[in-house]
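Participant: Below is the structure I would like to discuss, written out as structure tokens.
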Amino acid sequence: MIAVDTNLLVYAHRRDSAFHGPAAACLRSLAEGLAGWAIPWPCVYEFWNVATHPRIFAPPSTPEQALAQLEAWMSAPGCHLLGDLPGQRPALRQLVDAAVRGPLVHDARIALVCQAHGVETLWSVDRDFSRFPWLTVRNPLAGR
């Protein structure tokens with residue numbers, strides 16, 4: 001299963017993004033495809049934060065626009081929403097072993113959620129995910 005990181009969600013949503021076209025095509029291919037794909041819940045909330053943030057976009061997306069976009073993705077037949085699972089406490093040791101601290105904790109949570117749900121690949125343009133050896137990361141915008 002492929003999971004999608006926040007940056008691709010934002011690029012696909014925001015028409016003013018330089019990466020809008022390729023990112024929207026990537027999300028469309030997942031949403032219209034037959035294979036299952038996923039959005040981790042931490043990415044849902046981070047998408048909302050970034051898309052509606054007035055210091056990031058002028059004008060930012062409205063809450064209604066952000067929700068409508070999320071609902072469109074979430075209603076795709078193959079979309080799964082991935083959250084924390086009970087029993088993830090031992091995964092905290094992986095964070096220590098990977099020297100995770102500060103802002104990287106959020107990315108580590110996404111990586112651990114993906115691992116817990118058996119995600120094979122995370123689509124992201126964020127290179128920080130390469131710090132987690134248990135997760136395969138692919139930038140679907142590379143070379144576009």
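Going by the structure tokens order, chains are called A, B, ..., each with residues numbered from 1, while ligands are numbered from 1 in the order shown.
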Would you list, as a list of chain:residue names, the residues of range 8-103 of chain A that end up in strand (DSSP E or B) under DSSP run on this structure's backbone?
Facilitator: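 Those residues are A:Trp37, A:Ala38, A:Ile39, A:Pro40, A:Cys79, A:His80, A:Leu81, A:Leu82.
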Participant: Write out the residues from the selection above, keeping N, CA and C atoms, as a CSV table (one decimal), in the first residue's frame.
Facilitator:
```
chain,number,residue,atom,x,y,z
A,37,TRP,N,-4.7,2.8,-1.1
A,37,TRP,CA,-3.7,3.8,-0.8
A,37,TRP,C,-4.2,4.4,0.5
A,38,ALA,N,-3.3,5.2,1.1
A,38,ALA,CA,-3.7,5.7,2.5
A,38,ALA,C,-3.2,7.1,2.7
A,39,ILE,N,-3.8,7.7,3.7
A,39,ILE,CA,-3.4,9.0,4.3
A,39,ILE,C,-3.3,8.8,5.8
A,40,PRO,N,-2.1,9.0,6.3
A,40,PRO,CA,-2.0,8.9,7.8
A,40,PRO,C,-2.8,10.1,8.5
A,79,CYS,N,-9.2,4.6,-0.6
A,79,CYS,CA,-8.5,5.4,0.4
A,79,CYS,C,-8.7,4.8,1.8
A,80,HIS,N,-7.6,4.7,2.6
A,80,HIS,CA,-7.7,4.2,4.0
A,80,HIS,C,-7.0,5.3,4.8
A,81,LEU,N,-7.6,5.5,6.0
A,81,LEU,CA,-7.0,6.5,6.9
A,81,LEU,C,-6.3,5.7,8.0
A,82,LEU,N,-5.0,6.1,8.2
A,82,LEU,CA,-4.2,5.3,9.2
A,82,LEU,C,-3.9,6.1,10.4
```
Participant: I need the residues of range 90-128 of chain A that end up classed as helix (DSSP H, G or I) by DSSP on the backbone, written out as a ChimeraX atom specification.
Facilitator: /A:91-97,104-116,127-128
Participant: Name all residues at most 12 Å from range 112-121 of chain A (count only C-alpha atoms; drop same-chain ones fewer than 2 positions away) and give them as an mmCIF file with N, CA and C atoms, in the first residue's frame.
Facilitator:
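Listing of out02.cif after writing:
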```
data_model
loop_
_atom_site.group_PDB
_atom_site.id
_atom_site.type_symbol
_atom_site.label_atom_id
_atom_site.label_comp_id
_atom_site.auth_asym_id
_atom_site.auth_seq_id
_atom_site.Cartn_x
_atom_site.Cartn_y
_atom_site.Cartn_z
ATOM 1 N N MET A 1 0.833 -1.172 0.000
ATOM 2 C CA MET A 1 0.000 0.000 0.000
ATOM 3 C C MET A 1 0.887 1.248 0.000
ATOM 4 N N ILE A 2 0.435 2.278 -0.680
ATOM 5 C CA ILE A 2 1.119 3.570 -0.726
ATOM 6 C C ILE A 2 0.403 4.522 0.226
ATOM 7 N N ALA A 3 1.182 5.231 1.036
ATOM 8 C CA ALA A 3 0.645 6.305 1.869
ATOM 9 C C ALA A 3 1.178 7.627 1.327
ATOM 10 N N VAL A 4 0.428 8.686 1.567
ATOM 11 C CA VAL A 4 0.767 10.000 1.022
ATOM 12 C C VAL A 4 1.049 10.968 2.160
ATOM 13 N N ASP A 5 2.172 11.663 2.048
ATOM 14 C CA ASP A 5 2.593 12.645 3.048
ATOM 15 C C ASP A 5 1.915 13.993 2.797
ATOM 16 N N GLY A 36 -5.403 -0.068 -3.140
ATOM 17 C CA GLY A 36 -5.596 0.694 -1.920
ATOM 18 C C GLY A 36 -4.445 1.664 -1.698
ATOM 19 N N TRP A 37 -4.743 2.794 -1.121
ATOM 20 C CA TRP A 37 -3.748 3.797 -0.765
ATOM 21 C C TRP A 37 -4.206 4.423 0.544
ATOM 22 N N ALA A 38 -3.344 5.230 1.149
ATOM 23 C CA ALA A 38 -3.656 5.697 2.493
ATOM 24 C C ALA A 38 -3.174 7.121 2.741
ATOM 25 N N ILE A 39 -3.845 7.732 3.700
ATOM 26 C CA ILE A 39 -3.413 9.018 4.260
ATOM 27 C C ILE A 39 -3.316 8.814 5.767
ATOM 28 N N PRO A 40 -2.135 8.990 6.343
ATOM 29 C CA PRO A 40 -2.022 8.916 7.802
ATOM 30 C C PRO A 40 -2.773 10.085 8.457
ATOM 31 N N TRP A 41 -3.477 9.810 9.541
ATOM 32 C CA TRP A 41 -4.210 10.878 10.233
ATOM 33 C C TRP A 41 -3.319 12.062 10.615
ATOM 34 N N PRO A 42 -2.070 11.851 11.046
ATOM 35 C CA PRO A 42 -1.249 13.036 11.332
ATOM 36 C C PRO A 42 -1.103 13.949 10.109
ATOM 37 N N CYS A 43 -1.108 13.369 8.910
ATOM 38 C CA CYS A 43 -0.996 14.163 7.678
ATOM 39 C C CYS A 43 -2.295 14.916 7.379
ATOM 40 N N HIS A 80 -7.626 4.666 2.574
ATOM 41 C CA HIS A 80 -7.667 4.228 3.967
ATOM 42 C C HIS A 80 -7.030 5.320 4.819
ATOM 43 N N LEU A 81 -7.579 5.540 5.993
ATOM 44 C CA LEU A 81 -7.012 6.498 6.933
ATOM 45 C C LEU A 81 -6.289 5.718 8.018
ATOM 46 N N LEU A 82 -5.035 6.089 8.242
ATOM 47 C CA LEU A 82 -4.178 5.336 9.160
ATOM 48 C C LEU A 82 -3.899 6.134 10.422
ATOM 49 N N GLY A 83 -4.169 5.529 11.545
ATOM 50 C CA GLY A 83 -3.909 6.181 12.820
ATOM 51 C C GLY A 83 -3.010 5.343 13.704
ATOM 52 N N ASP A 84 -2.736 5.879 14.873
ATOM 53 C CA ASP A 84 -1.951 5.150 15.858
ATOM 54 C C ASP A 84 -2.706 3.890 16.262
ATOM 55 N N LEU A 85 -1.955 2.844 16.532
ATOM 56 C CA LEU A 85 -2.545 1.584 16.970
ATOM 57 C C LEU A 85 -2.167 1.316 18.421
ATOM 58 N N PRO A 86 -3.025 0.585 19.142
ATOM 59 C CA PRO A 86 -2.631 0.179 20.488
ATOM 60 C C PRO A 86 -1.361 -0.668 20.393
ATOM 61 N N GLY A 87 -0.542 -0.579 21.375
ATOM 62 C CA GLY A 87 0.667 -1.393 21.390
ATOM 63 C C GLY A 87 1.849 -0.763 20.670
ATOM 64 N N GLN A 88 1.761 0.521 20.352
ATOM 65 C CA GLN A 88 2.881 1.180 19.680
ATOM 66 C C GLN A 88 3.948 1.655 20.659
ATOM 67 N N ARG A 89 3.730 1.420 21.922
ATOM 68 C CA ARG A 89 4.693 1.879 22.924
ATOM 69 C C ARG A 89 6.118 1.407 22.638
ATOM 70 N N PRO A 90 6.335 0.141 22.257
ATOM 71 C CA PRO A 90 7.708 -0.287 21.959
ATOM 72 C C PRO A 90 8.343 0.480 20.791
ATOM 73 N N ALA A 91 7.519 1.075 19.946
ATOM 74 C CA ALA A 91 8.052 1.828 18.813
ATOM 75 C C ALA A 91 8.826 3.061 19.267
ATOM 76 N N LEU A 92 8.577 3.518 20.469
ATOM 77 C CA LEU A 92 9.329 4.673 20.977
ATOM 78 C C LEU A 92 10.823 4.393 20.996
ATOM 79 N N ARG A 93 11.212 3.141 21.218
ATOM 80 C CA ARG A 93 12.631 2.769 21.210
ATOM 81 C C ARG A 93 13.237 3.046 19.835
ATOM 82 N N GLN A 94 12.467 2.811 18.768
ATOM 83 C CA GLN A 94 12.967 3.098 17.418
ATOM 84 C C GLN A 94 13.284 4.584 17.259
ATOM 85 N N LEU A 95 12.518 5.431 17.921
ATOM 86 C CA LEU A 95 12.771 6.874 17.832
ATOM 87 C C LEU A 95 14.095 7.229 18.501
ATOM 88 N N ALA A 98 16.907 6.020 16.275
ATOM 89 C CA ALA A 98 17.066 6.847 15.079
ATOM 90 C C ALA A 98 17.456 8.282 15.432
ATOM 91 N N VAL A 105 10.107 14.615 15.323
ATOM 92 C CA VAL A 105 9.191 13.714 16.024
ATOM 93 C C VAL A 105 7.901 13.530 15.221
ATOM 94 N N HIS A 106 7.385 14.588 14.621
ATOM 95 C CA HIS A 106 6.150 14.485 13.828
ATOM 96 C C HIS A 106 6.351 13.533 12.645
ATOM 97 N N ASP A 107 7.459 13.681 11.919
ATOM 98 C CA ASP A 107 7.740 12.783 10.795
ATOM 99 C C ASP A 107 7.921 11.347 11.279
ATOM 100 N N ALA A 108 8.552 11.177 12.421
ATOM 101 C CA ALA A 108 8.744 9.839 12.974
ATOM 102 C C ALA A 108 7.406 9.194 13.300
ATOM 103 N N ARG A 109 6.478 9.974 13.809
ATOM 104 C CA ARG A 109 5.142 9.438 14.104
ATOM 105 C C ARG A 109 4.486 8.943 12.823
ATOM 106 N N ILE A 110 4.590 9.718 11.756
ATOM 107 C CA ILE A 110 4.025 9.293 10.469
ATOM 108 C C ILE A 110 4.688 7.995 10.018
ATOM 109 N N TRP A 123 4.829 8.179 -0.188
ATOM 110 C CA TRP A 123 5.129 9.195 -1.193
ATOM 111 C C TRP A 123 5.320 10.518 -0.479
ATOM 112 N N SER A 124 6.505 11.101 -0.631
ATOM 113 C CA SER A 124 6.824 12.362 0.028
ATOM 114 C C SER A 124 7.965 13.049 -0.702
ATOM 115 N N PHE A 129 12.401 11.720 5.881
ATOM 116 C CA PHE A 129 11.900 10.358 6.064
ATOM 117 C C PHE A 129 12.958 9.306 5.761
ATOM 118 N N SER A 130 14.011 9.686 5.051
ATOM 119 C CA SER A 130 15.083 8.722 4.760
ATOM 120 C C SER A 130 15.814 8.302 6.037
ATOM 121 N N PHE A 132 14.484 6.977 8.509
ATOM 122 C CA PHE A 132 13.786 5.849 9.102
ATOM 123 C C PHE A 132 13.958 4.631 8.203
ATOM 124 N N PRO A 133 14.905 3.754 8.550
ATOM 125 C CA PRO A 133 15.249 2.639 7.665
ATOM 126 C C PRO A 133 14.116 1.643 7.456
ATOM 127 N N TRP A 134 13.115 1.661 8.304
ATOM 128 C CA TRP A 134 12.009 0.719 8.170
ATOM 129 C C TRP A 134 10.971 1.184 7.152
ATOM 130 N N LEU A 135 11.167 2.361 6.551
ATOM 131 C CA LEU A 135 10.175 2.926 5.637
ATOM 132 C C LEU A 135 10.798 3.209 4.276
ATOM 133 N N THR A 136 10.162 2.743 3.229
ATOM 134 C CA THR A 136 10.585 3.072 1.867
ATOM 135 C C THR A 136 9.891 4.364 1.471
ATOM 136 N N VAL A 137 10.677 5.340 1.041
ATOM 137 C CA VAL A 137 10.131 6.642 0.670
ATOM 138 C C VAL A 137 10.427 6.888 -0.808
ATOM 139 N N ARG A 138 9.427 7.387 -1.504
ATOM 140 C CA ARG A 138 9.578 7.699 -2.931
ATOM 141 C C ARG A 138 9.023 9.088 -3.179
ATOM 142 N N ASN A 139 9.769 9.884 -3.934
ATOM 143 C CA ASN A 139 9.288 11.199 -4.351
ATOM 144 C C ASN A 139 8.678 11.047 -5.743
ATOM 145 N N PRO A 140 7.343 11.020 -5.842
ATOM 146 C CA PRO A 140 6.712 10.814 -7.141
ATOM 147 C C PRO A 140 6.826 12.026 -8.071
#
```
Participant: Please identify every residue of range 24-52 of chain A that has at least one atom no farther than 10 Å from an atom of range 61-68 of chain A, counting only C-alpha atoms, and for each give the shortest atom pair and the distance in Å to one decimal, arranged by chain then increasing number, as a Markdown table.
Facilitator:
```
| residue | atom | partner | partner_atom | distance |
| --- | --- | --- | --- | --- |
| A:Val44 | CA | A:Leu67 | CA | 9.8 |
| A:Phe47 | CA | A:Ala66 | CA | 8.1 |
| A:Trp48 | CA | A:Ala66 | CA | 6.1 |
| A:Asn49 | CA | A:Ala66 | CA | 9.4 |
| A:Val50 | CA | A:Ser61 | CA | 9.0 |
| A:Ala51 | CA | A:Ser61 | CA | 5.5 |
| A:Thr52 | CA | A:Ser61 | CA | 4.7 |
```
